[in-house]
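Content type compact mmCIF, C-alpha atoms, from the file run05.txt:
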```
# COMPACT_ATOMS: atom_id res chain seq x y z
CA MET A 1 -8.56 -13.97 -3.55
CA THR A 2 -8.10 -10.34 -4.61
CA ILE A 3 -6.03 -7.51 -3.15
CA ASN A 4 -9.09 -5.84 -1.60
CA GLU A 5 -10.33 -8.88 0.35
CA PRO A 6 -9.74 -9.18 4.07
CA PHE A 7 -6.20 -10.31 4.60
CA GLN A 8 -4.76 -13.10 6.67
CA PRO A 9 -2.15 -11.89 9.17
CA LEU A 10 1.38 -12.53 7.97
CA THR A 11 3.61 -15.04 9.68
CA ALA A 12 7.00 -13.93 11.00
CA GLU A 13 8.60 -15.77 8.08
CA GLN A 14 6.43 -13.92 5.54
CA ARG A 15 7.16 -10.54 7.19
CA ASN A 16 10.90 -11.25 7.17
CA HIS A 17 10.74 -12.24 3.50
CA ILE A 18 8.94 -9.01 2.54
CA ILE A 19 11.42 -6.92 4.55
CA ALA A 20 14.40 -8.70 2.93
CA ARG A 21 13.00 -8.19 -0.60
CA CYS A 22 12.20 -4.53 0.09
CA ARG A 23 15.68 -3.90 1.52
CA LYS A 24 17.19 -5.50 -1.57
CA PHE A 25 15.23 -3.15 -3.84
CA ILE A 26 16.21 -0.14 -1.71
CA SER A 27 19.89 -1.13 -1.63
CA LEU A 28 19.92 -1.60 -5.41
CA LYS A 29 18.35 1.85 -5.93
CA ALA A 30 20.87 3.47 -3.56
CA ASN A 31 23.72 1.85 -5.51
CA LEU A 32 22.28 3.02 -8.82
CA GLU A 33 21.97 6.55 -7.44
CA GLY A 34 25.53 6.42 -6.09
CA VAL A 35 24.33 7.18 -2.56
CA PRO A 36 25.36 5.16 0.51
CA ASN A 37 22.43 2.94 1.56
CA LYS A 38 22.17 4.46 5.05
CA GLN A 39 22.02 7.98 3.63
CA TYR A 40 19.44 6.95 1.02
CA VAL A 41 17.22 5.48 3.76
CA GLU A 42 17.60 8.64 5.87
CA ILE A 43 16.66 10.87 2.93
CA PHE A 44 13.73 8.92 1.48
CA GLY A 45 12.57 6.71 4.36
CA ASN A 46 10.52 9.52 5.87
CA LEU A 47 8.62 9.92 2.60
CA ALA A 48 7.02 6.47 2.96
CA ARG A 49 5.96 7.20 6.55
CA ALA A 50 4.47 10.52 5.42
CA VAL A 51 2.60 8.83 2.55
CA LEU A 52 1.10 6.23 4.90
CA GLY A 53 0.26 8.93 7.46
CA ALA A 54 -1.47 11.08 4.83
CA LEU A 55 -3.40 8.09 3.47
CA ALA A 56 -4.53 7.12 6.98
CA GLN A 57 -5.53 10.73 7.74
CA GLY A 58 -7.51 10.98 4.51
CA MET A 59 -9.24 7.66 5.14
CA ALA A 60 -10.13 8.71 8.70
CA ASP A 61 -11.41 12.12 7.54
CA LEU A 62 -13.38 10.90 4.54
CA GLY A 63 -14.48 7.60 6.03
CA GLY A 64 -16.47 9.18 8.81
CA GLY A 65 -14.71 7.13 11.46
CA ASN A 66 -15.48 3.81 9.76
CA PRO A 67 -12.89 1.01 10.07
CA PHE A 68 -10.48 0.75 7.15
CA ALA A 69 -7.48 -1.20 5.94
CA VAL A 70 -4.58 0.00 3.78
CA THR A 71 -2.64 -2.48 1.63
CA ALA A 72 0.55 -1.54 -0.21
CA PHE A 73 1.89 -3.87 -2.89
CA ILE A 74 4.65 -4.32 -5.45
CA ASP A 75 4.10 -6.69 -8.35
CA ALA A 76 7.67 -7.95 -8.63
CA THR A 77 8.53 -10.20 -11.56
CA ASP A 78 8.32 -13.39 -9.51
CA GLU A 79 5.83 -12.53 -6.76
CA ARG A 80 3.50 -9.92 -5.32
CA LEU A 81 4.87 -8.32 -2.16
CA SER A 82 2.06 -6.88 -0.07
CA ALA A 83 1.42 -5.72 3.45
CA THR A 84 -1.76 -4.53 5.15
CA VAL A 85 -2.49 -2.46 8.22
CA GLU A 86 -5.96 -2.08 9.71
CA SER A 87 -7.55 0.85 11.51
CA ASP A 88 -10.49 1.38 13.83
CA GLY A 89 -11.36 4.46 11.76
CA SER A 90 -9.20 6.94 13.62
CA ARG A 91 -5.78 5.35 14.10
CA LEU A 92 -3.74 2.49 12.68
CA TYR A 93 -3.81 -0.60 14.93
CA ASP A 94 -0.42 -2.19 14.61
CA ASP A 95 2.95 -0.42 14.55
CA THR A 96 4.65 -3.52 13.12
CA ALA A 97 2.13 -3.71 10.25
CA SER A 98 2.38 0.05 9.69
CA THR A 99 6.16 -0.24 9.45
CA LEU A 100 5.85 -3.09 6.96
CA VAL A 101 3.34 -1.16 4.80
CA GLY A 102 5.71 1.83 4.91
CA GLN A 103 8.59 -0.43 3.88
CA VAL A 104 6.63 -1.64 0.82
CA ILE A 105 5.75 1.96 -0.11
CA PHE A 106 9.42 2.96 0.29
CA ALA A 107 10.61 -0.02 -1.78
CA SER A 108 8.15 0.90 -4.54
CA ARG A 109 10.41 3.89 -5.15
CA ALA A 110 13.19 1.50 -6.04
CA ALA A 111 11.49 -1.63 -7.34
CA TYR A 112 10.93 -0.70 -11.03
CA HIS A 113 7.80 -2.86 -10.93
CA PRO A 114 4.11 -1.91 -10.85
CA ALA A 115 3.11 -0.89 -7.34
CA GLY A 116 0.13 0.60 -5.60
CA VAL A 117 -1.99 1.10 -2.53
CA VAL A 118 -5.55 -0.12 -1.99
CA ALA A 119 -7.73 1.18 0.84
CA ARG A 120 -10.84 -0.72 1.93
CA THR A 121 -13.45 0.95 4.17
CA THR A 122 -16.18 -0.95 6.02
CA GLU A 123 -19.37 1.11 6.04
CA PRO A 124 -21.81 1.02 9.02
CA ASP A 125 -24.17 -1.26 7.04
CA GLY A 126 -21.32 -3.74 6.48
CA SER A 127 -20.77 -2.85 2.84
CA LYS A 128 -17.26 -2.20 1.53
CA ALA A 129 -15.84 0.76 -0.38
CA VAL A 130 -12.48 0.54 -2.14
CA GLN A 131 -10.18 3.14 -3.64
CA ALA A 132 -6.69 2.77 -5.09
CA TRP A 133 -3.53 4.69 -5.89
CA LYS A 134 -0.71 3.87 -8.28
CA LEU A 135 2.71 4.29 -6.68
CA VAL A 136 5.11 6.12 -8.99
CA ASP A 137 8.58 6.62 -7.54
CA GLY A 138 7.04 6.19 -4.09
CA HIS A 139 4.34 8.82 -4.67
CA PRO A 140 0.67 7.76 -4.70
CA LEU A 141 -1.32 8.96 -7.71
CA PRO A 142 -5.10 8.67 -7.21
CA LEU A 143 -6.92 6.29 -9.55
CA PRO A 144 -10.52 6.56 -10.76
CA ALA A 145 -13.06 4.00 -9.58
CA SER A 146 -13.05 2.12 -12.91
CA ILE A 147 -9.29 1.50 -12.72
CA ALA A 148 -9.53 0.54 -9.03
CA ALA A 149 -12.14 -2.09 -9.97
CA GLN A 150 -9.83 -3.51 -12.65
CA LEU A 151 -6.83 -3.49 -10.30
CA CYS A 152 -8.77 -5.31 -7.61
CA ALA A 153 -10.19 -7.90 -10.02
CA VAL A 154 -6.97 -9.90 -10.21
CA ASP A 155 -6.42 -13.12 -8.30
CA VAL A 156 -3.32 -12.39 -6.21
CA ARG A 157 -2.30 -16.06 -6.18
CA THR A 158 -2.46 -16.61 -9.94
CA GLY A 159 -2.31 -13.09 -11.40
CA LYS A 160 -5.31 -13.91 -13.59
CA PRO A 161 -8.14 -11.42 -14.08
CA GLN A 162 -11.54 -12.18 -12.64
CA GLU A 163 -14.87 -10.37 -12.40
CA PRO A 164 -14.94 -7.38 -10.04
CA GLN A 165 -16.78 -8.12 -6.83
CA ARG A 166 -20.34 -6.85 -7.06
CA ASP A 167 -20.75 -6.23 -3.32
CA ILE A 168 -17.96 -3.64 -3.30
CA ARG A 169 -18.39 0.01 -4.20
CA TYR A 170 -15.31 1.33 -6.01
CA THR A 171 -14.72 5.07 -5.60
CA ASP A 172 -12.33 7.61 -7.05
CA ALA A 173 -9.26 7.94 -4.83
CA PHE A 174 -8.51 11.26 -3.16
CA ASP A 175 -5.32 13.26 -3.73
CA ILE A 176 -3.15 12.94 -0.64
CA ALA A 177 -0.87 15.90 -1.44
CA PRO A 178 -2.91 18.46 0.57
CA LEU A 179 -2.83 16.14 3.58
CA PHE A 180 0.96 16.36 3.82
CA LEU A 181 0.52 19.92 5.12
CA ARG A 182 -1.53 18.61 8.06
CA LEU A 183 1.00 16.02 9.25
CA PRO A 184 3.03 16.76 12.39
```

Hey, can you dump this file as structure tokens for me?
Amino acid sequence: MTINEPFQPLTAEQRNHIIARCRKFISLKANLEGVPNKQYVEIFGNLARAVLGALAQGMADLGGGNPFAVTAFIDATDERLSATVESDGSRLYDDTASTLVGQVIFASRAAYHPAGVVARTTEPDGSKAVQAWKLVDGHPLPLPASIAAQLCAVDVRTGKPQEPQRDIRYTDAFDIAPLFLRLP
């Protein structure tokens, strides 16, 4: 199973675990910065929501209204933390999933571990297109198709590389920075 495959919905226990780990990363970062945790969340929490909003807007604009899913992940030392939200092509389906994806993006700012976002679009003919971003200090940097293919060719359960899926078209990721200007 790779990061770009359809996901299984998380159980309440899995969601709570991801939230607890993310909050721990965020609290640690706030302490290191010498900022009270509540203030740190108020300052930087909106950034993660804006990143997810800009990614969703870009996927809706560039995907021609095709359904898509956005997965954010942190490769912590002992486990991969990931969350996915799906869309009908114009809006994100689930506020709870969106919040969890935003939490992972926010925690990537503090985790000091490799982190990223993968977006998977379902084309009208049923084929899949994937693009990826590396999260650096909570900011998504677009990756070229070749790197997205490498990133997605890792078994998430074992961490071992595997062959990229042949039925997926990997594309260069778009820069989300211009989309921030369009957000409400």

request  = Find, counting all atoms listed in the file, the residue in A:Leu100, A:Val41, A:Ile176, A:Ile74 that gets nearest to Leu141 (chain A).
outcome  = A:Ile176

task = Could you pull out every residue with an atom within 10 Å of (-2.7, 3.1, 0.2), file coordinates, counting only C-alpha atoms, and send them as a PyMOL selection string?
result = chain A and resi 51-56+59+69-73+84-85+101-102+105+116-120+131-135+140-142+173+176

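Of note, CA of Ile19 (chain A) and CA of Phe106 (chain A) are spaced 10.9 Å apart.
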
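Note that CA of Tyr170 (chain A) and CA of Ala145 (chain A) are 5.0 Å apart.
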
task = Could you please determine the separation between CA of Val130 (chain A) and CA of Leu151 (chain A) in Å, to one decimal place?
result = 10.7 Å

Listed atoms of region 144-151 of chain A boxed axis-aligned with 3 Å per side, centre + edges as JSON:
```
{"center_x": -9.9, "center_y": 1.5, "center_z": -11.0, "size_x": 12.2, "size_y": 16.1, "size_z": 9.9}
```

task = For Asn16 (chain A), please output as number ranges by chain all residues within 12 Å (counting only C-alpha atoms; exclusion window: fewer than 3 positions along the same chain).
result = A: 10-13, 19-23, 81, 83, 96-97, 100, 103

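The shortest atom-to-atom distance to Thr99 (chain A), with all atoms listed in the file taken into account, belongs to A:Arg49 out of A:Lys29, A:Phe174, A:Asp137, A:Arg49.
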
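Using only C-alpha atoms, the nearest neighbour of Ile168 (chain A) within the list A:Gly45, A:Gly126, A:Pro144, A:Gly138 is A:Gly126.
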
request  = Find the residues around Leu28 (chain A) up to 12 Å (all atoms listed in the file counted), leave out those fewer than 5 positions away in its own chain, and share them as a count of residues only.
outcome  = 15
